[in-house]
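Dropping upload25.txt in here (compact mmCIF, C-alpha atoms):
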```txt
# COMPACT_ATOMS: atom_id res chain seq x y z
CA MET A 1 -36.80 -0.15 -30.30
CA ILE A 2 -33.02 -0.17 -30.19
CA ASN A 3 -31.53 -0.65 -33.62
CA LYS A 4 -27.77 -0.95 -33.24
CA LYS A 5 -25.30 -2.40 -35.70
CA LYS A 6 -23.81 -5.81 -34.89
CA GLY A 7 -20.33 -4.72 -33.73
CA SER A 8 -19.97 -3.37 -30.21
CA TYR A 9 -17.31 -1.67 -28.17
CA ILE A 10 -16.47 -1.35 -24.49
CA ALA A 11 -13.49 0.69 -23.29
CA VAL A 12 -12.40 -0.82 -19.99
CA SER A 13 -10.09 0.53 -17.31
CA THR A 14 -7.50 -1.95 -16.05
CA GLY A 15 -6.32 0.12 -13.07
CA ILE A 16 -2.76 1.02 -12.24
CA LEU A 17 -1.31 -2.07 -10.50
CA LEU A 18 -0.82 -4.72 -13.21
CA ALA A 19 -3.59 -7.30 -12.77
CA GLY A 20 -4.64 -6.29 -9.27
CA HIS A 21 -6.78 -3.20 -9.77
CA ILE A 22 -9.15 -4.32 -12.49
CA SER A 23 -12.86 -4.56 -11.68
CA VAL A 24 -14.79 -7.83 -11.94
CA ARG A 25 -16.86 -6.35 -14.76
CA ALA A 26 -13.89 -5.05 -16.73
CA LYS A 27 -12.09 -8.39 -16.52
CA LYS A 28 -15.19 -10.19 -17.75
CA VAL A 29 -15.42 -7.81 -20.72
CA ILE A 30 -11.81 -8.62 -21.63
CA GLU A 31 -12.35 -12.36 -21.30
CA GLU A 32 -15.51 -12.36 -23.41
CA ALA A 33 -14.48 -9.96 -26.18
CA ASP A 34 -13.65 -11.25 -29.66
CA VAL A 35 -10.65 -8.95 -29.71
CA VAL A 36 -8.92 -6.69 -27.17
CA LEU A 37 -6.91 -3.65 -28.27
CA SER A 38 -4.79 -2.18 -25.52
CA LEU A 39 -2.65 0.67 -24.35
CA MET A 40 -0.73 -0.67 -21.37
CA PRO A 41 2.29 0.71 -19.56
CA HIS A 42 4.38 -2.44 -19.42
CA PRO A 43 5.12 -5.58 -21.48
CA ILE A 44 4.07 -7.77 -18.55
CA ALA A 45 0.67 -6.10 -18.60
CA GLU A 46 0.41 -6.89 -22.31
CA ASN A 47 1.37 -10.52 -21.67
CA TRP A 48 -1.25 -10.69 -18.94
CA LEU A 49 -3.88 -9.47 -21.43
CA ASP A 50 -2.65 -12.12 -23.91
CA SER A 51 -3.29 -14.74 -21.25
CA ILE A 52 -6.86 -13.74 -20.38
CA SER A 53 -8.21 -12.73 -23.81
CA ARG A 54 -9.07 -14.57 -27.04
CA GLU A 55 -7.09 -12.15 -29.20
CA HIS A 56 -5.02 -9.21 -28.06
CA ILE A 57 -3.51 -6.42 -30.13
CA SER A 58 -1.25 -3.79 -28.57
CA LEU A 59 -1.65 -0.22 -29.79
CA GLN A 60 1.77 0.82 -28.44
CA SER A 61 3.37 0.55 -31.88
CA TYR A 62 1.44 3.65 -33.02
CA TYR A 63 3.57 5.80 -30.71
CA SER A 64 6.98 6.90 -31.87
CA GLU A 65 9.46 9.64 -31.17
CA GLY A 66 9.09 12.39 -33.77
CA LYS A 67 5.50 11.47 -34.67
CA HIS A 68 2.76 13.89 -33.64
CA ARG A 69 0.74 12.30 -30.88
CA LYS A 70 -2.53 13.48 -32.41
CA GLN A 71 -1.72 11.34 -35.43
CA SER A 72 -0.90 8.37 -33.17
CA TYR A 73 -4.23 8.76 -31.37
CA SER A 74 -6.16 9.06 -34.60
CA GLU A 75 -4.54 5.88 -35.97
CA MET A 76 -5.29 4.02 -32.72
CA CYS A 77 -8.96 5.03 -32.91
CA GLU A 78 -9.18 3.97 -36.55
CA ARG A 79 -7.63 0.57 -35.69
CA ILE A 80 -10.27 0.05 -32.99
CA LEU A 81 -13.07 1.09 -35.37
CA GLU A 82 -11.80 -1.34 -38.04
CA GLU A 83 -12.45 -4.25 -35.67
CA ILE A 84 -15.88 -2.96 -34.59
CA ARG A 85 -16.96 -2.56 -38.23
CA LYS A 86 -16.21 -6.28 -38.75
CA GLY A 87 -19.12 -6.95 -36.39
CA LYS A 88 -16.94 -8.09 -33.49
CA ARG A 89 -17.36 -7.57 -29.76
CA VAL A 90 -14.41 -5.28 -29.26
CA CYS A 91 -12.75 -4.30 -26.01
CA GLY A 92 -10.34 -1.40 -25.63
CA ALA A 93 -8.21 -1.97 -22.51
CA PHE A 94 -6.58 1.12 -21.06
CA TYR A 95 -4.49 1.29 -17.90
CA GLY A 96 -5.62 3.45 -15.01
CA HIS A 97 -9.06 4.93 -15.58
CA ALA A 98 -9.80 4.82 -19.30
CA GLY A 99 -11.60 8.14 -19.12
CA VAL A 100 -9.09 10.18 -17.14
CA PHE A 101 -6.54 12.24 -19.08
CA ALA A 102 -6.98 9.94 -22.03
CA CYS A 103 -8.33 10.86 -25.43
CA VAL A 104 -8.25 7.53 -27.29
CA PRO A 105 -10.93 5.85 -25.14
CA HIS A 106 -13.24 8.88 -25.28
CA ASP A 107 -12.69 9.50 -28.99
CA SER A 108 -13.08 5.86 -30.00
CA ILE A 109 -16.37 5.57 -28.08
CA LYS A 110 -17.68 8.74 -29.70
CA LEU A 111 -16.68 7.59 -33.19
CA ALA A 112 -18.25 4.15 -32.65
CA GLN A 113 -21.49 5.71 -31.42
CA GLU A 114 -21.57 8.09 -34.38
CA GLU A 115 -21.36 5.08 -36.69
CA GLY A 116 -24.32 3.51 -34.91
CA PHE A 117 -22.52 0.97 -32.73
CA SER A 118 -23.16 0.32 -29.06
CA ALA A 119 -20.19 1.72 -27.11
CA TYR A 120 -19.50 2.70 -23.51
CA MET A 121 -16.79 2.88 -20.85
CA GLU A 122 -16.17 0.85 -17.68
CA PRO A 123 -14.55 2.99 -14.96
CA GLY A 124 -11.53 1.97 -12.94
CA ILE A 125 -8.78 2.89 -10.50
CA SER A 126 -6.88 5.93 -11.75
CA ALA A 127 -3.44 7.22 -10.81
CA GLU A 128 -5.27 9.95 -8.90
CA ALA A 129 -7.12 7.31 -6.85
CA CYS A 130 -3.76 5.68 -6.04
CA LEU A 131 -2.29 9.06 -5.11
CA TYR A 132 -4.93 9.61 -2.42
CA SER A 133 -4.15 6.19 -0.91
CA ASP A 134 -0.36 6.39 -1.17
CA LEU A 135 0.02 9.97 0.06
CA GLY A 136 -2.81 9.85 2.60
CA ILE A 137 -4.54 12.87 1.10
CA ASP A 138 -8.30 13.24 1.32
CA PRO A 139 -9.52 15.50 -1.50
CA GLY A 140 -12.44 16.44 0.74
CA SER A 141 -10.21 18.08 3.35
CA PHE A 142 -9.02 21.13 1.43
CA GLY A 143 -10.16 20.52 -2.14
CA VAL A 144 -8.07 19.53 -5.15
CA GLN A 145 -7.31 21.13 -8.50
CA SER A 146 -6.07 18.74 -11.13
CA TYR A 147 -4.48 19.81 -14.44
CA GLU A 148 -2.32 18.43 -17.19
CA ALA A 149 0.91 20.37 -16.56
CA SER A 150 1.28 21.86 -20.04
CA GLN A 151 -2.35 22.90 -20.18
CA PHE A 152 -1.91 24.53 -16.75
CA LEU A 153 0.88 26.64 -18.22
CA PHE A 154 -0.43 27.34 -21.72
CA TYR A 155 -3.88 28.41 -20.61
CA GLY A 156 -2.78 30.32 -17.54
CA HIS A 157 -4.80 28.40 -14.97
CA GLN A 158 -4.63 30.11 -11.60
CA PRO A 159 -4.20 27.87 -8.57
CA ASN A 160 -6.25 28.28 -5.43
CA VAL A 161 -3.46 28.09 -2.82
CA VAL A 162 -5.66 26.85 0.03
CA SER A 163 -6.27 23.60 -1.89
CA TYR A 164 -4.00 20.89 -3.26
CA LEU A 165 -2.74 21.36 -6.81
CA LEU A 166 -2.00 18.25 -8.90
CA LEU A 167 -0.03 18.66 -12.13
CA TRP A 168 -0.02 15.56 -14.30
CA GLN A 169 2.71 14.75 -16.77
CA VAL A 170 5.02 17.33 -15.31
CA ALA A 171 7.91 15.76 -17.27
CA LEU A 172 6.29 17.11 -20.44
CA ALA A 173 5.40 20.55 -19.05
CA GLY A 174 5.73 23.24 -21.69
CA GLU A 175 6.48 20.72 -24.46
CA LEU A 176 4.79 22.27 -27.49
CA THR A 177 5.56 19.89 -30.34
CA ALA A 178 3.69 16.79 -29.08
CA LYS A 179 6.32 14.84 -31.00
CA THR A 180 8.73 14.00 -28.22
CA PHE A 181 8.55 12.32 -24.82
CA LYS A 182 10.56 14.81 -22.80
CA THR A 183 10.73 18.50 -22.04
CA SER A 184 13.69 20.80 -21.34
CA GLU A 185 15.06 22.21 -18.10
CA LYS A 186 14.13 25.63 -19.49
CA ASN A 187 10.47 24.62 -19.69
CA ILE A 188 10.50 23.28 -16.13
CA GLU A 189 12.08 26.55 -15.02
CA ALA A 190 9.19 28.36 -16.73
CA LEU A 191 6.75 26.20 -14.77
CA VAL A 192 8.56 26.98 -11.52
CA LYS A 193 8.57 30.70 -12.33
CA TYR A 194 4.84 30.54 -12.98
CA LEU A 195 4.18 28.70 -9.68
CA LEU A 196 6.25 31.28 -7.79
CA ASN A 197 3.50 33.80 -8.56
CA TRP A 198 1.52 32.04 -5.83
CA TYR A 199 3.89 29.89 -3.79
CA PRO A 200 7.10 30.69 -1.88
CA PRO A 201 10.31 29.21 -3.41
CA GLU A 202 10.86 27.05 -0.33
CA HIS A 203 7.35 25.59 -0.49
CA GLU A 204 7.53 21.81 -0.17
CA ILE A 205 6.11 19.83 -3.07
CA ILE A 206 5.82 16.09 -3.65
CA LEU A 207 6.85 14.12 -6.72
CA TYR A 208 4.52 11.17 -6.95
CA GLU A 209 4.74 8.00 -9.02
CA ALA A 210 2.28 5.15 -8.55
CA ALA A 211 3.52 1.55 -8.77
CA PHE A 212 2.67 -0.25 -12.03
CA LEU A 213 4.30 -3.48 -10.92
CA PRO A 214 4.28 -4.86 -7.37
CA LEU A 215 8.10 -4.80 -7.61
CA ASP A 216 8.07 -1.02 -8.12
CA SER A 217 8.26 1.32 -5.20
CA VAL A 218 5.92 4.27 -4.94
CA ARG A 219 7.74 7.58 -5.37
CA LYS A 220 6.85 10.18 -2.70
CA GLU A 221 9.81 12.52 -2.98
CA LYS A 222 9.55 15.81 -1.13
CA ILE A 223 11.50 18.74 -2.58
CA LYS A 224 11.33 22.52 -2.65
CA ILE A 225 9.66 24.15 -5.64
CA VAL A 226 12.92 25.82 -6.70
CA ASP A 227 14.67 22.45 -6.88
CA LEU A 228 12.25 21.06 -9.47
CA PRO A 229 14.36 21.84 -12.59
CA SER A 230 17.30 19.83 -11.26
CA THR A 231 15.21 16.81 -10.23
CA ASP A 232 14.70 13.65 -12.32
CA LEU A 233 11.22 13.49 -13.77
CA ASN A 234 9.61 10.53 -15.52
CA LEU A 235 6.65 10.45 -17.88
CA HIS A 236 4.44 9.16 -15.09
CA THR A 237 5.63 11.65 -12.44
CA THR A 238 2.88 13.81 -10.94
CA LEU A 239 3.62 17.04 -9.13
CA VAL A 240 1.63 17.52 -5.91
CA VAL A 241 1.60 21.04 -4.50
CA PRO A 242 0.12 21.10 -0.99
CA PRO A 243 -1.83 24.14 0.21
CA ALA A 244 0.28 27.22 0.93
CA ARG A 245 -2.08 28.67 3.51
CA LYS A 246 -5.11 27.83 5.64
CA MET A 247 -8.66 28.13 4.42
CA ASN A 248 -10.55 31.21 5.62
CA ILE A 249 -14.19 31.01 6.63
CA ASN A 250 -16.45 33.28 4.61
CA LYS A 251 -17.97 34.80 7.76
CA GLU A 252 -20.38 37.09 5.96
CA LEU A 253 -21.91 34.22 4.01
CA VAL A 254 -22.04 31.90 7.04
CA GLU A 255 -23.76 34.61 9.13
CA ARG A 256 -26.29 35.17 6.38
CA LEU A 257 -27.01 31.43 6.27
CA GLU A 258 -27.45 31.33 10.05
CA VAL A 259 -29.89 34.25 9.94
CA GLY A 260 -31.85 32.68 7.10
CA MET B 261 11.43 -21.88 -17.16
CA SER B 262 11.60 -19.06 -16.53
CA LYS B 263 10.47 -15.76 -17.89
CA LYS B 264 6.94 -17.10 -17.86
CA LYS B 265 7.28 -18.27 -14.26
CA PHE B 266 8.66 -14.90 -13.25
CA GLU B 267 5.78 -13.08 -14.96
CA GLU B 268 3.35 -15.43 -13.27
CA PHE B 269 4.90 -14.46 -9.93
CA VAL B 270 4.63 -10.72 -10.60
CA ILE B 271 1.01 -11.06 -11.74
CA LYS B 272 0.20 -13.15 -8.67
CA LEU B 273 1.81 -10.52 -6.42
CA SER B 274 -0.41 -7.85 -7.95
CA GLU B 275 -3.54 -9.95 -7.47
CA ASP B 276 -2.92 -11.27 -3.96
CA PRO B 277 -2.43 -8.72 -1.15
CA LYS B 278 -1.53 -11.45 1.35
CA LEU B 279 1.25 -12.81 -0.86
CA ASN B 280 2.35 -9.23 -1.53
CA GLN B 281 2.57 -8.55 2.21
CA SER B 282 4.63 -11.70 2.75
CA TYR B 283 6.88 -10.59 -0.12
CA VAL B 284 7.38 -7.16 1.46
CA GLU B 285 8.30 -8.80 4.77
CA ASN B 286 10.54 -11.52 3.37
CA PRO B 287 11.04 -11.22 -0.40
CA GLU B 288 13.77 -13.82 -0.76
CA ALA B 289 11.81 -16.57 0.98
CA VAL B 290 8.61 -15.81 -0.93
CA MET B 291 10.38 -15.88 -4.29
CA LYS B 292 12.10 -19.15 -3.36
CA ASP B 293 8.80 -20.71 -2.26
CA PHE B 294 7.25 -19.71 -5.56
CA GLY B 295 9.99 -21.55 -7.39
CA LEU B 296 11.89 -18.66 -8.92
CA GLU B 297 15.47 -19.32 -9.99
CA ASP B 298 18.48 -18.04 -8.05
CA ASN B 299 19.48 -15.55 -10.76
CA GLU B 300 15.96 -14.07 -10.73
CA ILE B 301 15.93 -13.77 -6.97
CA LYS B 302 19.37 -12.19 -7.07
CA ALA B 303 18.27 -9.66 -9.70
CA VAL B 304 15.23 -8.58 -7.69
CA MET B 305 17.17 -8.43 -4.41
CA SER B 306 19.83 -6.24 -6.06
CA GLY B 307 17.21 -3.54 -6.53
CA GLU B 308 18.98 -2.56 -9.76
CA THR B 309 16.45 -1.37 -12.32
CA GLU B 310 18.58 -2.65 -15.19
CA GLU B 311 18.78 -6.16 -13.74
CA ILE B 312 15.07 -6.28 -12.96
CA GLU B 313 14.14 -5.01 -16.41
CA LYS B 314 16.07 -7.90 -17.94
CA LEU B 315 13.34 -10.07 -16.39
CA THR B 316 10.30 -7.84 -16.71
CA GLY B 317 10.99 -5.81 -19.84
CA THR B 318 11.07 -2.03 -19.81
CA LYS B 319 8.21 0.32 -19.21
CA ALA B 320 6.38 1.29 -22.35
CA VAL B 321 5.65 4.83 -23.38
CA CYS B 322 2.67 5.40 -21.19
CA ILE B 323 1.29 8.74 -22.10
CA ASN B 324 -2.15 7.95 -23.28
CA ILE B 325 -3.06 10.63 -20.75
CA VAL B 326 -1.83 13.36 -23.07
CA MET B 327 -4.34 16.03 -23.98
CA LEU B 328 -1.74 18.61 -24.84
CA MET B 329 -3.18 21.59 -26.70
CA LYS B 330 -5.94 19.27 -27.78
CA ASP B 331 -7.83 21.86 -29.78
CA ASP B 332 -5.20 23.41 -31.89
CA LYS B 333 -1.75 21.83 -31.97
```

Now, as a test, write the supplied structure out as structure tokens.
Amino acid sequence: MINKKKGSYIAVSTGILLAGHISVRAKKVIEEADVVLSLMPHPIAENWLDSISREHISLQSYYSEGKHRKQSYSEMCERILEEIRKGKRVCGAFYGHAGVFACVPHDSIKLAQEEGFSAYMEPGISAEACLYSDLGIDPGSFGVQSYEASQFLFYGHQPNVVSYLLLWQVALAGELTAKTFKTSEKNIEALVKYLLNWYPPEHEIILYEAAFLPLDSVRKEKIKIVDLPSTDLNLHTTLVVPPARKMNINKELVERLEVG
Amino acid sequence: MSKKKFEEFVIKLSEDPKLNQSYVENPEAVMKDFGLEDNEIKAVMSGETEEIEKLTGTKAVCINIVMLMKDDK
């Protein structure tokens, strides 16, 4: 027999494009929740949530320059838990896919479950999903490696140059404090230097930004790797590094399979 | 009106691919048909981020994707 406490929690994904990417299920969760707590990328998106929910609280105010982001995330989770403990049907609304490169949705679900509440996540359209559509890349063609840019650097991930490499949040690459929303040219130069271990300086890369609003244009700017430090980067810019060489067939393995 | 009307238009554009396509092909006419005011249409047509943000507001800090040094920093 299931014995859950009265409050419940669903973290929903609202997709990237304002009100246009949300799933039927996720929208219904928002409409039926007692309270919706959100992290959205734009005031219009917050106003849209106001218009389709009973009560909406933005979690944006927990962010601030100079404040450690771990503290912000912890406070956001606690705010969500406060509402669940009141016995409400709580919805967390997160743009993109709530479970992709996002710790608040995962952490808040885990905390709610640990306290005995029903909690789960509704998937959605992520920035990565938009990237495949906007850039016409099929991840099945050559494979894709996807990293948060700072993690890629700090932990020395090694790219496989026959596949695509996606580096998320490149504008924060090498930013160690987690208290600011920008990095330095020096850090971007360090990223470039690291990439040059595998890629030629003239290798063409793509700076990608999905459109949050239908008025926004999608950024698909092609530059050379060496030009990255002098290029404008935004918090939502993703660096796409196409393969540097062709895939090679593992003849020995294929022959063995044919014999078998 | 009109901030609300303008927001309604942007939301509608995001929900309706057909309207969005018409907007891409002829933005001025679509905005006029929707009942947006001349200053709003002018701001959008200018393509100036600053002018458009006067109508839409500015992008929020949108880095809930951060997992930076999750374990130890």

Task: Residues within 10 Å of Arg85 (chain A), only C-alpha atoms, excluding chain neighbours under 3 positions, as a ChimeraX atom specification - done: /A:5-8,80-82,88-90,112,115,117

Could those selected residues go to a file with C-alpha atoms, as a compact mmCIF listing (two decimals), in the coordinates of the input?
```
# COMPACT_ATOMS: atom_id res chain seq x y z
CA LYS A 5 -25.30 -2.40 -35.70
CA LYS A 6 -23.81 -5.81 -34.89
CA GLY A 7 -20.33 -4.72 -33.73
CA SER A 8 -19.97 -3.37 -30.21
CA ILE A 80 -10.27 0.05 -32.99
CA LEU A 81 -13.07 1.09 -35.37
CA GLU A 82 -11.80 -1.34 -38.04
CA LYS A 88 -16.94 -8.09 -33.49
CA ARG A 89 -17.36 -7.57 -29.76
CA VAL A 90 -14.41 -5.28 -29.26
CA ALA A 112 -18.25 4.15 -32.65
CA GLU A 115 -21.36 5.08 -36.69
CA PHE A 117 -22.52 0.97 -32.73
```

Residues of chain A within 7 Å of chain B, using all atoms listed in the file, as an mmCIF file with C-alpha atoms, in the frame of the given file?
```cif
data_model
loop_
_atom_site.group_PDB
_atom_site.id
_atom_site.type_symbol
_atom_site.label_atom_id
_atom_site.label_comp_id
_atom_site.auth_asym_id
_atom_site.auth_seq_id
_atom_site.Cartn_x
_atom_site.Cartn_y
_atom_site.Cartn_z
ATOM 1 C CA LEU A 17 -1.310 -2.070 -10.500
ATOM 2 C CA LEU A 18 -0.820 -4.720 -13.210
ATOM 3 C CA ALA A 19 -3.590 -7.300 -12.770
ATOM 4 C CA GLY A 20 -4.640 -6.290 -9.270
ATOM 5 C CA MET A 40 -0.730 -0.670 -21.370
ATOM 6 C CA PRO A 41 2.290 0.710 -19.560
ATOM 7 C CA HIS A 42 4.380 -2.440 -19.420
ATOM 8 C CA PRO A 43 5.120 -5.580 -21.480
ATOM 9 C CA ILE A 44 4.070 -7.770 -18.550
ATOM 10 C CA PHE A 101 -6.540 12.240 -19.080
ATOM 11 C CA ALA A 102 -6.980 9.940 -22.030
ATOM 12 C CA CYS A 103 -8.330 10.860 -25.430
ATOM 13 C CA SER A 150 1.280 21.860 -20.040
ATOM 14 C CA GLN A 151 -2.350 22.900 -20.180
ATOM 15 C CA PRO A 214 4.280 -4.860 -7.370
#
```

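The space separating CA of Lys265 (chain B) from CA of Glu311 (chain B) comes to 16.7 Å.
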
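Picture a line from CA of Glu32 (chain A) to CA of Ser58 (chain A); it runs 17.4 Å.
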
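You can rank A:Pro242, A:Gly15, A:Pro200, A:Pro123 by their closest distance to Asp138 (chain A) using all atoms listed in the file, and at the top of that list sits A:Pro242.
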
Open item on the list: Just want the 12 Å neighbourhood of region 127-129 of chain A, counted on all atoms listed in the file, with same-chain residues fewer than 2 positions away dropped. Output as an MDAnalysis selection string.
Closed with: (chainID A and resid 13:17 21 95:101 123:125 131:139 144:147 165:169 208:212 218 236:240) or (chainID B and resid 325)

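Compared by their closest atoms to Gln71 (chain A), and using only C-alpha atoms, the residues A:Val162, A:Val104, A:Glu221, A:Leu195 rank with A:Val104 nearest.
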
Open item on the list: Between A:Gln158, A:Cys77, A:Met121, A:Ser126, which residue has the minimum interatomic distance to Asn197 (chain A), considering all atoms listed in the file?
Closed with: A:Gln158
